[in-house]
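Q: The structure follows.
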Amino acid sequence: TIFLRRFFSAFWAGDYNDADKWLEIFTALPTSKMPNVSLIYMTFYRGLIAFQRYRDGEGEGWLEKGNNVLDKMNVWAKSGCKAIFENKLYLLESEHYACMCNIVASKESYELSAKSARDHGLIQEQGLASELYGKFLSSTGDMDSFQWFQTAHRCYTSWGATVKAENLWKEHDLGFAAKVNASFNQAKHGRAEDEALI
């Protein structure tokens with residue numbers, strides 16, 4: 001359906017308000033209640049949107065919506081296919097922990113989500129986990145965020161989502177970050193050699 005396509009387009013473009021609007025329209029349709037792969041993804045993305053909107057200060061109701069999706073994904077993960085649900089559950093957990101300001105648990109879940117997606121060949125979901133982890137790290141001032149944004153960029157490029165990859169590259173100035181990281185690593189390597197000579 002056109003509403004579902006518009007939802008996915010808005011989600012991947014990072015326009016969560018527009019994505020939520022299209023999702024509301026789609027879920028009002030009787031066909032949206034039939035279980036299928038689209039329902040799994042729609043529910044998953046709805047949870048990510050809810051947690052993000054809560055962290056953007058849009059109200060407690062968004063945290064409740066996110067937690068409801070997390071609970072549903074937990075049930076599905078216990079009774080469903082690990083390859084489909086594991087990374088999604090980890091990513092929703094990481095977003096929940098981020099809302100609760102639990103940095104340690106959030107970091108662990110982001111990394112588990114990216115690893116699970118990679119291990120199951122879900123490159124787009126590895127990219128999503130890496131991008132959201134990068135955003136989280138950036139919000140805490142952690143410079144490791146660039147590494148995760150670069151991983152997301154590689155995943156999106158491999159997946160064929162070149163526009164998404166280019167937008168991520170520009171939004172986070174990854175070309176500059178790569179140069180800074182290279183200079184830092186070169187300087188660090190040079191210091192290690194100097195210390196070895198002493």
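Letters for chains follow the order of the structure tokens (A, B, ...), residue numbers begin at 1 for each chain, and ligand numbers begin at 1 in the order shown.
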Which neighbours of Thr140 of chain A fall inside 9 Å, counting only C-alpha atoms, when residues of the same chain fewer than 4 positions from it are skipped, and could you give them as a PyMOL selection string?

A: chain A and resi 103+135-136

Q: Could you please determine the separation between atom CA of Ala83 of chain A and atom CA of Asn67 of chain A in Å, to one decimal place?

A: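 Separating atom CA of Ala83 of chain A from atom CA of Asn67 of chain A is a distance of 21.8 Å.
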
Q: Excluding Leu91 of chain A and its own-chain neighbours fewer than 3 positions away, which residues fall within 8 Å of it when counting only C-alpha atoms? Please give them as an NGL selection string.

A: :A and (87-88 or 94-95 or 109-110 or 113 or 129)

Q: Write out as a VMD selection string the residues lying within 12 Å of Lys72 of chain A, counting only C-alpha atoms and excluding same-chain residues fewer than 4 positions away.

A: chain A and resid 39 to 40 43 to 44 46 to 47 65 to 68 76 to 80 85 88 to 89 92 to 93

Q: Can you spit out the residues from that selection as a PDB file, in the first residue's frame, using C-alpha atoms?

A:
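Resulting contents of part26.pdb:
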```
ATOM      1  CA  LEU A  39       3.667  -5.778  10.366  1.00  0.00           C
ATOM      2  CA  ILE A  40       6.901  -6.870  12.084  1.00  0.00           C
ATOM      3  CA  THR A  43       5.923  -2.386  14.713  1.00  0.00           C
ATOM      4  CA  PHE A  44       9.714  -2.312  15.080  1.00  0.00           C
ATOM      5  CA  ARG A  46       7.137   2.436  15.451  1.00  0.00           C
ATOM      6  CA  GLY A  47       9.014   1.538  18.633  1.00  0.00           C
ATOM      7  CA  LYS A  65       4.306   3.524  23.201  1.00  0.00           C
ATOM      8  CA  GLY A  66       7.941   2.500  22.879  1.00  0.00           C
ATOM      9  CA  ASN A  67       7.712   0.229  25.910  1.00  0.00           C
ATOM     10  CA  ASN A  68       4.570  -1.409  24.503  1.00  0.00           C
ATOM     11  CA  TRP A  76       7.693 -12.361  19.331  1.00  0.00           C
ATOM     12  CA  ALA A  77      11.405 -12.970  19.928  1.00  0.00           C
ATOM     13  CA  LYS A  78      10.658 -15.763  22.411  1.00  0.00           C
ATOM     14  CA  SER A  79       8.287 -17.515  20.050  1.00  0.00           C
ATOM     15  CA  GLY A  80       9.811 -16.640  16.682  1.00  0.00           C
ATOM     16  CA  PHE A  85      13.817 -10.791  15.990  1.00  0.00           C
ATOM     17  CA  LYS A  88      15.398  -5.791  16.612  1.00  0.00           C
ATOM     18  CA  LEU A  89      14.861  -6.646  20.263  1.00  0.00           C
ATOM     19  CA  LEU A  92      14.641  -1.500  20.954  1.00  0.00           C
ATOM     20  CA  GLU A  93      16.231  -2.343  24.314  1.00  0.00           C
TER      21      GLU A  93
END
```

Q: Can you pull out every residue within 10 Å of Ser9 of chain A, counting only C-alpha atoms, but drop anything in the same chain fewer than 6 positions away, and send it as a VMD selection string?

A: chain A and resid 3 15 18 to 19 22

Q: Compile the contact shell of Leu112 of chain A as a list of chain:residue names: residues with an atom at most 7 Å away, counting only C-alpha atoms, same-chain residues fewer than 4 positions apart removed.

A: A:Tyr90, A:Glu108, A:Ser116

Q: Which residues, written as JSON, numbers by chain, have at least one atom at most 10 Å from Glu166 of chain A, with only C-alpha atoms counted and residues fewer than 5 positions away on the same chain left out?

A: {"A": [153, 156, 157, 161, 171, 174]}

Q: Kindly give the distance, in Å, that separates atom CA of Gln147 of chain A and atom CA of Val69 of chain A, rounded to a single decimal.

A: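 For atom CA of Gln147 of chain A relative to atom CA of Val69 of chain A, the distance reads 28.9 Å.
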
Q: Measuring between only C-alpha atoms, which one of A:Ala13, A:Ile84, A:Met100, A:Ser38 shows the shortest distance to Phe51 of chain A?

A: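 Looking only at the distances to Phe51 of chain A, the closest residue turns out to be A:Met100.
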
Q: I need the residue nearest Glu131 of chain A from this list: A:Leu70, A:Ala117, A:Val104, A:Ala152. Use only C-alpha atoms for the distance.

A: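 For Glu131 of chain A, the nearest of the given residues is A:Ala152.
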
Q: Give the answer as one residue: which of A:Arg6, A:His120, A:Lys170, A:Arg55 has the shortest atom-to-atom distance to Met42 of chain A, using only C-alpha atoms?

A: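 Among A:Arg6, A:His120, A:Lys170, A:Arg55, it is A:Arg6 that comes nearest to Met42 of chain A.
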